[in-house]
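Some notes on the structure that comes next.
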Amino acid sequence: MKCCTWILSLIAVAALAFACAEPDGVSVGFSLTDAPIDESLVTAVNVTVGEVAVNESADASLADGDGSWKKVTIDPPVTINLLDLQGGLTEALGDPIVLAGGTQINQIRLGVEAVQVMEGDVAATTTMPSSTGLKIVNAFRVP
């Protein structure tokens, strides 16, 4: 399908983090949402997510292998049509995890196992440019 790469580059997929105080730290959960797109070309964007990984450490300069990675495995992996998540709707990704308070999240990775774009009744399977899934790299403090 000729427009798959173009369409995927326009779709704004965001992982939303929400936090709540816990006795042992801060409970952080993740959800998926999508920005509106021109649906005249695309009828579905099905994304299968099997894991959410969070790099938590006080030092944002640490390399991937040196930071503290916490993972939420989604078993079985969940397939979500991003077009169903427009206009502020969200879909939770696995269970929340507990992080130490007063630290920072350096990176979030969505373990995207598959992406399928539908144009009418025609399906095209696409691939992520990274083998580690969708990376959200923007350090922020966890209170």
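Simple scheme: letters A, B, ... for chains in structure tokens order, numbers from 1 for residues in each chain, numbers from 1 for ligands in the order shown.
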
Would you list the contacts of Ala139 (chain A) as a JSON list (two decimals) with C-alpha atoms, in the first residue's frame, taking every protein, DNA or RNA residue within 9 Å and counting only C-alpha atoms, but skipping same-chain residues closer than 2 positions in sequence?
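Okay, this is what ended up in around_17.json:
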[["chain", "number", "residue", "atom", "x", "y", "z"],
["A", 60, "ALA", "CA", 19.49, 10.94, 32.39],
["A", 104, "GLN", "CA", 13.01, 10.60, 36.78],
["A", 105, "ILE", "CA", 11.80, 8.68, 33.74],
["A", 106, "ASN", "CA", 14.37, 8.96, 30.95],
["A", 107, "GLN", "CA", 12.68, 6.86, 28.30],
["A", 137, "VAL", "CA", 12.75, 9.96, 24.86],
["A", 141, "ARG", "CA", 10.75, 14.01, 37.03]]

So that I can check the surroundings of Ser40 (chain A), please list as a ChimeraX atom specification every protein, DNA and RNA residue that reaches within 12 Å of it, counting only C-alpha atoms and ignoring chain neighbours fewer than 5 positions away.
/A:7,83,118-120

How about saving the chosen residues, C-alpha atoms kept, as an mmCIF file, in the first residue's frame?
data_model
loop_
_atom_site.group_PDB
_atom_site.id
_atom_site.type_symbol
_atom_site.label_atom_id
_atom_site.label_comp_id
_atom_site.auth_asym_id
_atom_site.auth_seq_id
_atom_site.Cartn_x
_atom_site.Cartn_y
_atom_site.Cartn_z
ATOM 1 C CA ILE A 7 0.226 7.658 7.023
ATOM 2 C CA LEU A 83 -8.657 5.341 14.939
ATOM 3 C CA MET A 118 -6.236 -0.753 6.470
ATOM 4 C CA GLU A 119 -7.178 1.258 3.392
ATOM 5 C CA GLY A 120 -10.747 0.163 2.742
#

Gap from CA of Thr33 (chain A) to CA of Glu51 (chain A) - Å, one decimal
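It comes out at 16.0 Å.
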
Could you check which of A:Leu134, A:Val52, A:Val122, A:Val112 is closest to Thr73 (chain A), using only C-alpha atoms?
A:Val52

For CA of Thr48 (chain A) and CA of Pro77 (chain A), quote the distance in Å rounded to one decimal.
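Pair CA of Thr48 (chain A) / CA of Pro77 (chain A) returns 6.4 Å.
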
For Leu89 (chain A), list every protein, DNA or RNA residue within 12 Å, evaluated using only C-alpha atoms, and leave out those in the same chain fewer than 5 positions away; present the list as a ChimeraX atom specification.
/A:14,16,31-36,81-84

Could those selected residues go to a file with N, CA and C atoms, as a PDB file, in the first residue's frame?
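The resulting file, out-v6.pdb, is reproduced below:
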ATOM      1  N   ALA A  14       0.794   8.574  21.187  1.00  0.00           N
ATOM      2  CA  ALA A  14       1.398   9.053  22.425  1.00  0.00           C
ATOM      3  C   ALA A  14       1.124   8.072  23.551  1.00  0.00           C
ATOM      4  N   LEU A  16       0.590   8.017  27.363  1.00  0.00           N
ATOM      5  CA  LEU A  16       0.275   8.929  28.444  1.00  0.00           C
ATOM      6  C   LEU A  16       0.616   8.255  29.763  1.00  0.00           C
ATOM      7  N   SER A  31      -1.207   4.666  28.901  1.00  0.00           N
ATOM      8  CA  SER A  31      -2.345   4.538  27.997  1.00  0.00           C
ATOM      9  C   SER A  31      -1.926   4.988  26.616  1.00  0.00           C
ATOM     10  N   LEU A  32      -2.681   4.563  25.621  1.00  0.00           N
ATOM     11  CA  LEU A  32      -2.412   4.919  24.226  1.00  0.00           C
ATOM     12  C   LEU A  32      -3.544   5.794  23.723  1.00  0.00           C
ATOM     13  N   THR A  33      -3.206   6.792  22.894  1.00  0.00           N
ATOM     14  CA  THR A  33      -4.208   7.647  22.261  1.00  0.00           C
ATOM     15  C   THR A  33      -3.698   8.014  20.870  1.00  0.00           C
ATOM     16  N   ASP A  34      -4.522   8.679  20.086  1.00  0.00           N
ATOM     17  CA  ASP A  34      -4.137   9.030  18.723  1.00  0.00           C
ATOM     18  C   ASP A  34      -4.702  10.402  18.380  1.00  0.00           C
ATOM     19  N   ALA A  35      -3.975  11.128  17.576  1.00  0.00           N
ATOM     20  CA  ALA A  35      -4.457  12.406  17.064  1.00  0.00           C
ATOM     21  C   ALA A  35      -5.363  12.130  15.862  1.00  0.00           C
ATOM     22  N   PRO A  36      -6.332  12.994  15.606  1.00  0.00           N
ATOM     23  CA  PRO A  36      -7.206  12.796  14.437  1.00  0.00           C
ATOM     24  C   PRO A  36      -6.416  12.831  13.127  1.00  0.00           C
ATOM     25  N   ASN A  81      -7.056  -0.512  17.599  1.00  0.00           N
ATOM     26  CA  ASN A  81      -7.246   0.309  16.411  1.00  0.00           C
ATOM     27  C   ASN A  81      -7.101   1.763  16.845  1.00  0.00           C
ATOM     28  N   LEU A  82      -6.022   2.412  16.426  1.00  0.00           N
ATOM     29  CA  LEU A  82      -5.767   3.787  16.846  1.00  0.00           C
ATOM     30  C   LEU A  82      -6.889   4.743  16.446  1.00  0.00           C
ATOM     31  N   LEU A  83      -7.582   4.446  15.365  1.00  0.00           N
ATOM     32  CA  LEU A  83      -8.657   5.341  14.939  1.00  0.00           C
ATOM     33  C   LEU A  83      -9.817   5.355  15.931  1.00  0.00           C
ATOM     34  N   ASP A  84      -9.893   4.329  16.789  1.00  0.00           N
ATOM     35  CA  ASP A  84     -10.908   4.303  17.834  1.00  0.00           C
ATOM     36  C   ASP A  84     -10.512   5.164  19.030  1.00  0.00           C
TER      37      ASP A  84
END

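Closest approach to Lys135 (chain A) from the set A:Arg109, A:Asp75, A:Ser57, A:Gly87 is made by A:Arg109, with distances taken over only C-alpha atoms.
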
Fewer than 2 positions away in the same chain doesn't count, so skip those; otherwise give me all residues within 7 Å of Val115 (chain A), counting only C-alpha atoms, as a PyMOL selection string.
chain A and resi 46-48+117+125-127

Would you save the residues from that selection as a compact mmCIF listing (two decimals), in the first residue's frame, using C-alpha atoms?
# COMPACT_ATOMS: atom_id res chain seq x y z
CA ASN A 46 -4.17 -1.74 14.23
CA VAL A 47 -1.22 -1.68 16.62
CA THR A 48 -0.29 -4.72 18.71
CA VAL A 117 -2.90 -0.24 8.21
CA THR A 125 1.50 -4.80 7.48
CA THR A 126 4.22 -2.31 8.31
CA THR A 127 7.28 -2.46 10.53

For Ala53 (chain A), the nearest of the candidates A:Thr132, A:Gln116, A:Thr90, A:Thr79, counting only C-alpha atoms:
A:Thr132
